[in-house]
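Shown next: my_file04.pdb, given as PDB, C-alpha atoms and all ligand atoms.
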```pdb
ATOM      1  CA  MET A   1      94.142 162.438  94.006  1.00  0.00           C
ATOM      2  CA  GLU A   2      90.736 163.141  95.502  1.00  0.00           C
ATOM      3  CA  ALA A   3      90.784 164.477  99.058  1.00  0.00           C
ATOM      4  CA  VAL A   4      88.887 162.283 101.533  1.00  0.00           C
ATOM      5  CA  MET A   5      86.670 164.524 103.625  1.00  0.00           C
ATOM      6  CA  ALA A   6      85.608 163.474 107.115  1.00  0.00           C
ATOM      7  CA  PRO A   7      81.808 163.546 107.399  1.00  0.00           C
ATOM      8  CA  THR A   8      80.402 166.689 108.978  1.00  0.00           C
ATOM      9  CA  ILE A   9      79.231 166.185 112.536  1.00  0.00           C
ATOM     10  CA  PRO A  10      75.744 167.559 113.291  1.00  0.00           C
ATOM     11  CA  PRO A  11      75.789 170.710 115.476  1.00  0.00           C
ATOM     12  CA  ARG A  12      73.888 169.087 118.345  1.00  0.00           C
ATOM     13  CA  ILE A  13      74.164 165.516 119.549  1.00  0.00           C
ATOM     14  CA  SER A  14      71.697 164.397 122.225  1.00  0.00           C
ATOM     15  CA  LEU A  15      72.075 161.360 124.433  1.00  0.00           C
ATOM     16  CA  ILE A  16      68.798 159.903 125.659  1.00  0.00           C
ATOM     17  CA  GLY A  17      68.021 156.815 127.727  1.00  0.00           C
ATOM     18  CA  PHE A  18      66.858 155.747 131.153  1.00  0.00           C
ATOM     19  CA  MET A  19      68.537 156.865 134.374  1.00  0.00           C
ATOM     20  CA  GLY A  20      71.878 155.154 134.738  1.00  0.00           C
ATOM     21  CA  SER A  21      72.342 154.570 131.015  1.00  0.00           C
ATOM     22  CA  GLY A  22      75.603 156.532 131.116  1.00  0.00           C
ATOM     23  CA  LYS A  23      74.560 159.768 129.366  1.00  0.00           C
ATOM     24  CA  SER A  24      76.497 162.014 131.763  1.00  0.00           C
ATOM     25  CA  THR A  25      79.543 159.747 131.734  1.00  0.00           C
ATOM     26  CA  VAL A  26      79.772 159.139 128.002  1.00  0.00           C
ATOM     27  CA  GLY A  27      78.731 162.707 127.046  1.00  0.00           C
ATOM     28  CA  PRO A  28      81.945 164.443 128.203  1.00  0.00           C
ATOM     29  CA  LEU A  29      84.122 161.732 126.617  1.00  0.00           C
ATOM     30  CA  LEU A  30      82.329 162.082 123.300  1.00  0.00           C
ATOM     31  CA  ALA A  31      82.447 165.877 123.460  1.00  0.00           C
ATOM     32  CA  GLN A  32      86.174 165.800 124.100  1.00  0.00           C
ATOM     33  CA  LYS A  33      86.804 163.449 121.160  1.00  0.00           C
ATOM     34  CA  ILE A  34      85.034 165.707 118.663  1.00  0.00           C
ATOM     35  CA  GLY A  35      85.919 169.095 120.174  1.00  0.00           C
ATOM     36  CA  TYR A  36      82.344 169.879 121.266  1.00  0.00           C
ATOM     37  CA  SER A  37      81.088 171.282 124.583  1.00  0.00           C
ATOM     38  CA  PHE A  38      79.245 168.981 126.943  1.00  0.00           C
ATOM     39  CA  LEU A  39      75.995 170.065 128.535  1.00  0.00           C
ATOM     40  CA  ASP A  40      73.975 168.140 131.099  1.00  0.00           C
ATOM     41  CA  LEU A  41      70.332 169.211 130.788  1.00  0.00           C
ATOM     42  CA  ASP A  42      69.645 168.655 134.505  1.00  0.00           C
ATOM     43  CA  ASP A  43      72.593 170.923 135.397  1.00  0.00           C
ATOM     44  CA  LEU A  44      71.251 173.554 133.027  1.00  0.00           C
ATOM     45  CA  ILE A  45      67.786 173.388 134.633  1.00  0.00           C
ATOM     46  CA  GLU A  46      69.334 173.751 138.102  1.00  0.00           C
ATOM     47  CA  GLU A  47      71.428 176.693 136.943  1.00  0.00           C
ATOM     48  CA  ARG A  48      68.492 178.418 135.251  1.00  0.00           C
ATOM     49  CA  CYS A  49      66.231 178.241 138.309  1.00  0.00           C
ATOM     50  CA  GLY A  50      68.778 178.241 141.125  1.00  0.00           C
ATOM     51  CA  ARG A  51      67.439 175.060 142.714  1.00  0.00           C
ATOM     52  CA  THR A  52      68.339 171.391 142.640  1.00  0.00           C
ATOM     53  CA  ILE A  53      66.248 168.828 140.749  1.00  0.00           C
ATOM     54  CA  THR A  54      65.216 167.347 144.107  1.00  0.00           C
ATOM     55  CA  GLU A  55      64.045 170.769 145.335  1.00  0.00           C
ATOM     56  CA  ILE A  56      62.084 171.430 142.143  1.00  0.00           C
ATOM     57  CA  PHE A  57      60.341 168.041 142.413  1.00  0.00           C
ATOM     58  CA  SER A  58      59.513 168.436 146.091  1.00  0.00           C
ATOM     59  CA  GLN A  59      58.514 172.137 146.004  1.00  0.00           C
ATOM     60  CA  GLU A  60      56.716 172.350 142.673  1.00  0.00           C
ATOM     61  CA  GLY A  61      56.119 168.795 141.530  1.00  0.00           C
ATOM     62  CA  GLU A  62      57.047 166.833 138.438  1.00  0.00           C
ATOM     63  CA  PRO A  63      54.768 168.679 135.937  1.00  0.00           C
ATOM     64  CA  LYS A  64      56.587 171.952 136.685  1.00  0.00           C
ATOM     65  CA  PHE A  65      59.928 170.168 136.342  1.00  0.00           C
ATOM     66  CA  ARG A  66      58.855 168.920 132.897  1.00  0.00           C
ATOM     67  CA  LEU A  67      58.050 172.480 131.784  1.00  0.00           C
ATOM     68  CA  LEU A  68      61.432 173.709 132.951  1.00  0.00           C
ATOM     69  CA  GLU A  69      63.058 170.772 131.188  1.00  0.00           C
ATOM     70  CA  THR A  70      61.394 171.626 127.862  1.00  0.00           C
ATOM     71  CA  GLU A  71      62.352 175.296 128.217  1.00  0.00           C
ATOM     72  CA  ALA A  72      65.947 174.372 128.959  1.00  0.00           C
ATOM     73  CA  LEU A  73      66.082 171.967 126.022  1.00  0.00           C
ATOM     74  CA  TYR A  74      64.744 174.537 123.554  1.00  0.00           C
ATOM     75  CA  SER A  75      67.187 177.134 124.833  1.00  0.00           C
ATOM     76  CA  LEU A  76      69.739 174.922 123.074  1.00  0.00           C
ATOM     77  CA  SER A  77      67.975 174.591 119.748  1.00  0.00           C
ATOM     78  CA  HIS A  78      70.378 176.971 118.011  1.00  0.00           C
ATOM     79  CA  GLY A  79      73.410 175.845 120.009  1.00  0.00           C
ATOM     80  CA  LYS A  80      76.468 174.763 118.053  1.00  0.00           C
ATOM     81  CA  ARG A  81      78.987 171.990 118.709  1.00  0.00           C
ATOM     82  CA  LEU A  82      77.078 170.629 121.682  1.00  0.00           C
ATOM     83  CA  VAL A  83      76.763 167.186 123.219  1.00  0.00           C
ATOM     84  CA  ILE A  84      73.631 167.197 125.372  1.00  0.00           C
ATOM     85  CA  ALA A  85      72.864 164.627 128.071  1.00  0.00           C
ATOM     86  CA  ALA A  86      69.070 164.703 128.496  1.00  0.00           C
ATOM     87  CA  GLY A  87      67.327 163.449 131.638  1.00  0.00           C
ATOM     88  CA  GLY A  88      65.704 160.029 131.453  1.00  0.00           C
ATOM     89  CA  GLY A  89      62.185 161.440 131.138  1.00  0.00           C
ATOM     90  CA  ALA A  90      62.938 164.101 128.548  1.00  0.00           C
ATOM     91  CA  ALA A  91      62.199 161.851 125.578  1.00  0.00           C
ATOM     92  CA  VAL A  92      58.615 161.263 126.700  1.00  0.00           C
ATOM     93  CA  GLN A  93      57.277 164.829 126.338  1.00  0.00           C
ATOM     94  CA  ALA A  94      55.846 165.505 122.860  1.00  0.00           C
ATOM     95  CA  ALA A  95      57.587 168.884 122.464  1.00  0.00           C
ATOM     96  CA  ASN A  96      60.930 167.374 123.423  1.00  0.00           C
ATOM     97  CA  ARG A  97      60.463 164.518 120.985  1.00  0.00           C
ATOM     98  CA  THR A  98      60.239 167.086 118.198  1.00  0.00           C
ATOM     99  CA  PHE A  99      63.596 168.453 119.336  1.00  0.00           C
ATOM    100  CA  PHE A 100      65.219 165.008 119.418  1.00  0.00           C
ATOM    101  CA  ARG A 101      63.808 164.177 115.997  1.00  0.00           C
ATOM    102  CA  ASN A 102      64.445 167.449 114.146  1.00  0.00           C
ATOM    103  CA  ASP A 103      66.962 169.521 116.051  1.00  0.00           C
ATOM    104  CA  SER A 104      69.651 167.052 116.994  1.00  0.00           C
ATOM    105  CA  PHE A 105      71.391 163.838 116.112  1.00  0.00           C
ATOM    106  CA  THR A 106      70.003 161.629 118.847  1.00  0.00           C
ATOM    107  CA  VAL A 107      71.605 158.559 120.358  1.00  0.00           C
ATOM    108  CA  TYR A 108      69.722 156.166 122.625  1.00  0.00           C
ATOM    109  CA  LEU A 109      71.911 154.584 125.286  1.00  0.00           C
ATOM    110  CA  GLU A 110      70.217 151.329 126.201  1.00  0.00           C
ATOM    111  CA  VAL A 111      70.532 149.884 129.693  1.00  0.00           C
ATOM    112  CA  SER A 112      68.779 146.859 131.183  1.00  0.00           C
ATOM    113  CA  PHE A 113      66.577 147.309 134.252  1.00  0.00           C
ATOM    114  CA  GLU A 114      68.979 145.256 136.381  1.00  0.00           C
ATOM    115  CA  GLU A 115      71.999 147.285 135.286  1.00  0.00           C
ATOM    116  CA  PHE A 116      70.102 150.545 135.838  1.00  0.00           C
ATOM    117  CA  LYS A 117      69.433 149.496 139.433  1.00  0.00           C
ATOM    118  CA  ARG A 118      73.037 148.483 139.950  1.00  0.00           C
ATOM    119  CA  ARG A 119      74.367 151.783 138.575  1.00  0.00           C
ATOM    120  CA  THR A 120      71.982 154.163 140.345  1.00  0.00           C
ATOM    121  CA  GLY A 121      71.437 152.476 143.739  1.00  0.00           C
ATOM    122  CA  ARG A 122      69.449 154.843 145.933  1.00  0.00           C
ATOM    123  CA  ASP A 123      70.894 158.099 144.624  1.00  0.00           C
ATOM    124  CA  PRO A 124      69.036 160.871 146.556  1.00  0.00           C
ATOM    125  CA  ALA A 125      69.574 163.295 143.657  1.00  0.00           C
ATOM    126  CA  ARG A 126      67.120 161.236 141.565  1.00  0.00           C
ATOM    127  CA  PRO A 127      63.641 161.732 143.070  1.00  0.00           C
ATOM    128  CA  LEU A 128      62.011 159.073 140.902  1.00  0.00           C
ATOM    129  CA  LEU A 129      64.067 156.334 142.546  1.00  0.00           C
ATOM    130  CA  LYS A 130      61.742 156.632 145.536  1.00  0.00           C
ATOM    131  CA  MET A 131      58.941 155.042 143.499  1.00  0.00           C
ATOM    132  CA  PRO A 132      57.886 151.490 144.363  1.00  0.00           C
ATOM    133  CA  GLN A 133      59.874 148.908 142.344  1.00  0.00           C
ATOM    134  CA  LYS A 134      56.819 147.803 140.410  1.00  0.00           C
ATOM    135  CA  ASP A 135      56.055 151.352 139.244  1.00  0.00           C
ATOM    136  CA  LEU A 136      59.688 151.989 138.404  1.00  0.00           C
ATOM    137  CA  ARG A 137      59.748 148.857 136.254  1.00  0.00           C
ATOM    138  CA  GLU A 138      56.568 149.990 134.504  1.00  0.00           C
ATOM    139  CA  LEU A 139      58.056 153.431 133.876  1.00  0.00           C
ATOM    140  CA  PHE A 140      61.162 151.751 132.453  1.00  0.00           C
ATOM    141  CA  GLU A 141      59.113 149.566 130.079  1.00  0.00           C
ATOM    142  CA  THR A 142      56.892 152.447 128.935  1.00  0.00           C
ATOM    143  CA  ARG A 143      59.826 154.648 128.081  1.00  0.00           C
ATOM    144  CA  LEU A 144      61.636 152.066 125.965  1.00  0.00           C
ATOM    145  CA  SER A 145      59.392 152.562 122.960  1.00  0.00           C
ATOM    146  CA  TYR A 146      60.005 156.318 123.005  1.00  0.00           C
ATOM    147  CA  TYR A 147      63.772 155.928 123.211  1.00  0.00           C
ATOM    148  CA  LYS A 148      63.860 153.344 120.430  1.00  0.00           C
ATOM    149  CA  LYS A 149      61.886 155.512 118.042  1.00  0.00           C
ATOM    150  CA  LEU A 150      63.963 158.628 118.640  1.00  0.00           C
ATOM    151  CA  GLY A 151      67.586 157.587 118.744  1.00  0.00           C
ATOM    152  CA  ARG A 152      70.230 155.336 117.211  1.00  0.00           C
ATOM    153  CA  ARG A 153      70.559 152.573 119.760  1.00  0.00           C
ATOM    154  CA  VAL A 154      73.816 151.825 121.520  1.00  0.00           C
ATOM    155  CA  ILE A 155      73.938 148.979 124.049  1.00  0.00           C
ATOM    156  CA  THR A 156      75.690 149.909 127.299  1.00  0.00           C
ATOM    157  CA  ASP A 157      75.452 146.806 129.534  1.00  0.00           C
ATOM    158  CA  GLY A 158      78.882 145.246 129.917  1.00  0.00           C
ATOM    159  CA  ARG A 159      80.599 147.999 127.940  1.00  0.00           C
ATOM    160  CA  SER A 160      83.023 150.639 129.124  1.00  0.00           C
ATOM    161  CA  PRO A 161      82.343 154.372 128.577  1.00  0.00           C
ATOM    162  CA  GLN A 162      85.255 154.350 126.105  1.00  0.00           C
ATOM    163  CA  GLN A 163      83.706 151.502 124.084  1.00  0.00           C
ATOM    164  CA  ILE A 164      80.334 153.247 124.048  1.00  0.00           C
ATOM    165  CA  THR A 165      81.974 156.491 122.922  1.00  0.00           C
ATOM    166  CA  GLY A 166      83.703 154.568 120.145  1.00  0.00           C
ATOM    167  CA  GLU A 167      80.364 153.238 118.943  1.00  0.00           C
ATOM    168  CA  ILE A 168      78.855 156.695 118.831  1.00  0.00           C
ATOM    169  CA  LEU A 169      81.857 157.971 116.893  1.00  0.00           C
ATOM    170  CA  ALA A 170      81.255 155.164 114.402  1.00  0.00           C
ATOM    171  CA  LEU A 171      77.607 156.238 114.063  1.00  0.00           C
ATOM    172  CA  LEU A 172      78.896 159.710 113.297  1.00  0.00           C
ATOM    173  CA  GLY A 173      81.216 158.290 110.670  1.00  0.00           C
ATOM    174  CA  ARG A 174      84.276 159.180 112.725  1.00  0.00           C
ATOM    175  CA  ARG A 175      86.011 155.855 113.126  1.00  0.00           C
TER     176      ARG A 175
HETATM  177  C1  LIG B 201      64.519 161.750 135.433  1.00  0.00           C
HETATM  178  C2  LIG B 201      65.858 161.529 135.246  1.00  0.00           C
HETATM  179  C3  LIG B 201      66.898 162.395 135.806  1.00  0.00           C
HETATM  180  C4  LIG B 201      66.336 163.802 136.067  1.00  0.00           C
HETATM  181  C5  LIG B 201      65.091 163.735 136.886  1.00  0.00           C
HETATM  182  C6  LIG B 201      63.995 162.911 136.194  1.00  0.00           C
HETATM  183  C7  LIG B 201      63.543 160.827 134.811  1.00  0.00           C
HETATM  184  O1  LIG B 201      68.006 162.486 134.923  1.00  0.00           O
HETATM  185  O2  LIG B 201      66.074 164.469 134.859  1.00  0.00           O
HETATM  186  O3  LIG B 201      65.418 163.187 138.126  1.00  0.00           O
HETATM  187  O4  LIG B 201      62.368 161.193 134.651  1.00  0.00           O
HETATM  188  O5  LIG B 201      63.965 159.709 134.416  1.00  0.00           O
HETATM  189  P1  LIG B 201      69.037 161.237 134.668  1.00  0.00           P
HETATM  190  O6  LIG B 201      68.437 160.374 133.618  1.00  0.00           O
HETATM  191  O7  LIG B 201      70.261 161.943 134.197  1.00  0.00           O
HETATM  192  O8  LIG B 201      69.217 160.544 135.965  1.00  0.00           O
END
```
Could the structure of this file be written out as structure tokens, please?
Ligand code: S3P
Amino acid sequence: MEAVMAPTIPPRISLIGFMGSGKSTVGPLLAQKIGYSFLDLDDLIEERCGRTITEIFSQEGEPKFRLLETEALYSLSHGKRLVIAAGGGAAVQAANRTFFRNDSFTVYLEVSFEEFKRRTGRDPARPLLKMPQKDLRELFETRLSYYKKLGRRVITDGRSPQQITGEILALLGRR
């Protein structure tokens, strides 16, 4: 009888999507299911420069944050057995898009604008939430096309983290 082999899981799995799409909630669940380590890119940036995301934004501005984000992301390009939760803006930078396209299996967690607002509220740890609503909506719309092109889409509205994890496992051929 022929042995049935489980498909090999890529060494790096990245979760992309707007703020509040569930990357940092689903990431650890997924990692645990497949025996990978979970890494939140924002946490890694904070660790690498000894400051919070809010401090980096207010002291050095967003462009500097984006540089640090790219550096942190590429520090993982040879990492093995990693589930990476990327910040909501990571998929927009050209260099990062190369990473998501070539260096990882990338999953796009889709969230509606209304659900994003419900999930994030006025979280002070997310500096971009201070933007006027109109600009935030525009940012949301602009980013959608990047996310869609880079990752396998998984809908998150109305779904539990466990259901979302199950869908990703199916994409990986593990269900
Ligand atoms: C950002 C999202 C945040 C964080 C930073 C910028 C963005 O991560 O990287 O505040 O540009 O959307 P989350 O998506 O994990 O909230």
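Coordinates place atom CA of Phe113 of chain A at a distance of 23.1 Å from atom CA of Phe57 of chain A.
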Please expand the PyMOL selection byres (((chain A and resi 88) around 10) and not hetatm) into the concrete residues it hits in this file, giving the result as a PyMOL selection string. chain A and resi 15-21+23+42+85-87+89-92+140+143+147
Which polymer residues, whether protein, DNA or RNA, lie within 9 Å of the coordinate (81.1, 159.1, 116.1) when you count all atoms listed in the file? List them as a list in words, using the chain letters and numbers from the file. Ile9, Leu30, Lys33, Ile34, Thr165, Gly166, Glu167, Ile168, Leu169, Ala170, Leu171, Leu172, Gly173, Arg174 and Arg175 of chain A
Using the chain letters and residue numbers of this document, give as a ChimeraX atom specification the residues selected by the PyMOL selection byres (((chain A and resi 157) around 8) and not hetatm). /A:110-112,115,155-156,158-159
What does the distance between atom CA of Ser77 of chain A and atom CA of Gln163 of chain A come to in Å, to one decimal place? 28.3 Å
Could you pull the residues within 8 Å of Ser37 of chain A, counting all atoms listed in the file, minus those fewer than 6 positions along the same chain, as a ChimeraX atom specification? /A:28,31,81-83
Next, dump the selected residues to file, keeping only C-alpha atoms, as a JSON list (two decimals), in the frame of the given file.
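See out.json below for the written result:
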```json
[["chain", "number", "residue", "atom", "x", "y", "z"],
["A", 28, "PRO", "CA", 81.94, 164.44, 128.20],
["A", 31, "ALA", "CA", 82.45, 165.88, 123.46],
["A", 81, "ARG", "CA", 78.99, 171.99, 118.71],
["A", 82, "LEU", "CA", 77.08, 170.63, 121.68],
["A", 83, "VAL", "CA", 76.76, 167.19, 123.22]]
```
Subset file as a PDB file, in the first residue's frame: segment 16-43 of chain A, N, CA, C and O atoms:
```
ATOM      1  N   ILE A  16      -1.303  38.686   6.560  1.00  0.00           N
ATOM      2  CA  ILE A  16      -1.409  40.116   6.277  1.00  0.00           C
ATOM      3  C   ILE A  16      -2.880  40.510   6.326  1.00  0.00           C
ATOM      4  O   ILE A  16      -3.770  39.652   6.299  1.00  0.00           O
ATOM      5  N   GLY A  17      -3.135  41.804   6.367  1.00  0.00           N
ATOM      6  CA  GLY A  17      -4.510  42.301   6.425  1.00  0.00           C
ATOM      7  C   GLY A  17      -4.558  43.560   7.265  1.00  0.00           C
ATOM      8  O   GLY A  17      -3.584  43.883   7.977  1.00  0.00           O
ATOM      9  N   PHE A  18      -5.670  44.251   7.185  1.00  0.00           N
ATOM     10  CA  PHE A  18      -5.802  45.534   7.878  1.00  0.00           C
ATOM     11  C   PHE A  18      -5.778  45.323   9.398  1.00  0.00           C
ATOM     12  O   PHE A  18      -5.939  44.196   9.892  1.00  0.00           O
ATOM     13  N   MET A  19      -5.582  46.434  10.122  1.00  0.00           N
ATOM     14  CA  MET A  19      -5.649  46.370  11.583  1.00  0.00           C
ATOM     15  C   MET A  19      -6.970  45.716  11.982  1.00  0.00           C
ATOM     16  O   MET A  19      -8.007  45.977  11.368  1.00  0.00           O
ATOM     17  N   GLY A  20      -6.919  44.900  12.998  1.00  0.00           N
ATOM     18  CA  GLY A  20      -8.147  44.271  13.474  1.00  0.00           C
ATOM     19  C   GLY A  20      -8.602  43.079  12.643  1.00  0.00           C
ATOM     20  O   GLY A  20      -9.697  42.561  12.859  1.00  0.00           O
ATOM     21  N   SER A  21      -7.782  42.620  11.713  1.00  0.00           N
ATOM     22  CA  SER A  21      -8.222  41.477  10.905  1.00  0.00           C
ATOM     23  C   SER A  21      -7.988  40.150  11.630  1.00  0.00           C
ATOM     24  O   SER A  21      -8.430  39.102  11.160  1.00  0.00           O
ATOM     25  N   GLY A  22      -7.294  40.204  12.767  1.00  0.00           N
ATOM     26  CA  GLY A  22      -7.143  38.992  13.579  1.00  0.00           C
ATOM     27  C   GLY A  22      -5.790  38.301  13.424  1.00  0.00           C
ATOM     28  O   GLY A  22      -5.611  37.181  13.914  1.00  0.00           O
ATOM     29  N   LYS A  23      -4.823  38.979  12.806  1.00  0.00           N
ATOM     30  CA  LYS A  23      -3.514  38.353  12.556  1.00  0.00           C
ATOM     31  C   LYS A  23      -2.860  37.871  13.857  1.00  0.00           C
ATOM     32  O   LYS A  23      -2.355  36.751  13.918  1.00  0.00           O
ATOM     33  N   SER A  24      -2.897  38.720  14.890  1.00  0.00           N
ATOM     34  CA  SER A  24      -2.212  38.363  16.140  1.00  0.00           C
ATOM     35  C   SER A  24      -3.028  37.406  17.006  1.00  0.00           C
ATOM     36  O   SER A  24      -2.515  36.867  17.995  1.00  0.00           O
ATOM     37  N   THR A  25      -4.286  37.216  16.666  1.00  0.00           N
ATOM     38  CA  THR A  25      -5.108  36.259  17.405  1.00  0.00           C
ATOM     39  C   THR A  25      -5.033  34.889  16.749  1.00  0.00           C
ATOM     40  O   THR A  25      -4.856  33.861  17.411  1.00  0.00           O
ATOM     41  N   VAL A  26      -5.148  34.895  15.421  1.00  0.00           N
ATOM     42  CA  VAL A  26      -5.149  33.634  14.674  1.00  0.00           C
ATOM     43  C   VAL A  26      -3.724  33.058  14.602  1.00  0.00           C
ATOM     44  O   VAL A  26      -3.538  31.837  14.671  1.00  0.00           O
ATOM     45  N   GLY A  27      -2.721  33.946  14.481  1.00  0.00           N
ATOM     46  CA  GLY A  27      -1.329  33.502  14.321  1.00  0.00           C
ATOM     47  C   GLY A  27      -0.895  32.463  15.354  1.00  0.00           C
ATOM     48  O   GLY A  27      -0.429  31.376  14.973  1.00  0.00           O
ATOM     49  N   PRO A  28      -1.060  32.750  16.661  1.00  0.00           N
ATOM     50  CA  PRO A  28      -0.623  31.776  17.668  1.00  0.00           C
ATOM     51  C   PRO A  28      -1.401  30.450  17.587  1.00  0.00           C
ATOM     52  O   PRO A  28      -0.829  29.382  17.808  1.00  0.00           O
ATOM     53  N   LEU A  29      -2.686  30.532  17.244  1.00  0.00           N
ATOM     54  CA  LEU A  29      -3.488  29.303  17.134  1.00  0.00           C
ATOM     55  C   LEU A  29      -2.969  28.431  15.995  1.00  0.00           C
ATOM     56  O   LEU A  29      -2.804  27.218  16.139  1.00  0.00           O
ATOM     57  N   LEU A  30      -2.704  29.095  14.867  1.00  0.00           N
ATOM     58  CA  LEU A  30      -2.192  28.380  13.697  1.00  0.00           C
ATOM     59  C   LEU A  30      -0.828  27.763  14.024  1.00  0.00           C
ATOM     60  O   LEU A  30      -0.574  26.583  13.746  1.00  0.00           O
ATOM     61  N   ALA A  31       0.039  28.590  14.625  1.00  0.00           N
ATOM     62  CA  ALA A  31       1.388  28.122  14.947  1.00  0.00           C
ATOM     63  C   ALA A  31       1.321  26.875  15.833  1.00  0.00           C
ATOM     64  O   ALA A  31       2.031  25.888  15.606  1.00  0.00           O
ATOM     65  N   GLN A  32       0.429  26.935  16.804  1.00  0.00           N
ATOM     66  CA  GLN A  32       0.318  25.803  17.736  1.00  0.00           C
ATOM     67  C   GLN A  32      -0.145  24.534  17.014  1.00  0.00           C
ATOM     68  O   GLN A  32       0.366  23.443  17.255  1.00  0.00           O
ATOM     69  N   LYS A  33      -1.080  24.699  16.086  1.00  0.00           N
ATOM     70  CA  LYS A  33      -1.614  23.541  15.346  1.00  0.00           C
ATOM     71  C   LYS A  33      -0.556  22.845  14.498  1.00  0.00           C
ATOM     72  O   LYS A  33      -0.630  21.644  14.270  1.00  0.00           O
ATOM     73  N   ILE A  34       0.404  23.617  13.968  1.00  0.00           N
ATOM     74  CA  ILE A  34       1.372  23.009  13.050  1.00  0.00           C
ATOM     75  C   ILE A  34       2.779  22.906  13.666  1.00  0.00           C
ATOM     76  O   ILE A  34       3.731  22.552  12.986  1.00  0.00           O
ATOM     77  N   GLY A  35       2.864  23.255  14.961  1.00  0.00           N
ATOM     78  CA  GLY A  35       4.162  23.120  15.649  1.00  0.00           C
ATOM     79  C   GLY A  35       5.180  24.153  15.192  1.00  0.00           C
ATOM     80  O   GLY A  35       6.379  23.883  15.169  1.00  0.00           O
ATOM     81  N   TYR A  36       4.708  25.340  14.807  1.00  0.00           N
ATOM     82  CA  TYR A  36       5.596  26.435  14.406  1.00  0.00           C
ATOM     83  C   TYR A  36       5.691  27.442  15.556  1.00  0.00           C
ATOM     84  O   TYR A  36       4.901  27.417  16.494  1.00  0.00           O
ATOM     85  N   SER A  37       6.655  28.381  15.458  1.00  0.00           N
ATOM     86  CA  SER A  37       6.709  29.483  16.412  1.00  0.00           C
ATOM     87  C   SER A  37       5.916  30.646  15.848  1.00  0.00           C
ATOM     88  O   SER A  37       5.887  30.847  14.631  1.00  0.00           O
ATOM     89  N   PHE A  38       5.325  31.414  16.747  1.00  0.00           N
ATOM     90  CA  PHE A  38       4.571  32.594  16.320  1.00  0.00           C
ATOM     91  C   PHE A  38       5.411  33.836  16.568  1.00  0.00           C
ATOM     92  O   PHE A  38       6.029  33.991  17.622  1.00  0.00           O
ATOM     93  N   LEU A  39       5.394  34.737  15.590  1.00  0.00           N
ATOM     94  CA  LEU A  39       6.134  35.982  15.729  1.00  0.00           C
ATOM     95  C   LEU A  39       5.307  37.174  15.255  1.00  0.00           C
ATOM     96  O   LEU A  39       4.852  37.191  14.112  1.00  0.00           O
ATOM     97  N   ASP A  40       5.095  38.120  16.147  1.00  0.00           N
ATOM     98  CA  ASP A  40       4.366  39.333  15.779  1.00  0.00           C
ATOM     99  C   ASP A  40       5.411  40.373  15.341  1.00  0.00           C
ATOM    100  O   ASP A  40       6.302  40.727  16.117  1.00  0.00           O
ATOM    101  N   LEU A  41       5.291  40.836  14.108  1.00  0.00           N
ATOM    102  CA  LEU A  41       6.315  41.737  13.558  1.00  0.00           C
ATOM    103  C   LEU A  41       6.427  43.031  14.380  1.00  0.00           C
ATOM    104  O   LEU A  41       7.529  43.537  14.609  1.00  0.00           O
ATOM    105  N   ASP A  42       5.304  43.553  14.843  1.00  0.00           N
ATOM    106  CA  ASP A  42       5.354  44.776  15.665  1.00  0.00           C
ATOM    107  C   ASP A  42       6.141  44.528  16.960  1.00  0.00           C
ATOM    108  O   ASP A  42       6.917  45.381  17.390  1.00  0.00           O
ATOM    109  N   ASP A  43       5.934  43.368  17.568  1.00  0.00           N
ATOM    110  CA  ASP A  43       6.675  43.030  18.800  1.00  0.00           C
ATOM    111  C   ASP A  43       8.168  42.957  18.506  1.00  0.00           C
ATOM    112  O   ASP A  43       8.994  43.412  19.298  1.00  0.00           O
TER     113      ASP A  43
END
```
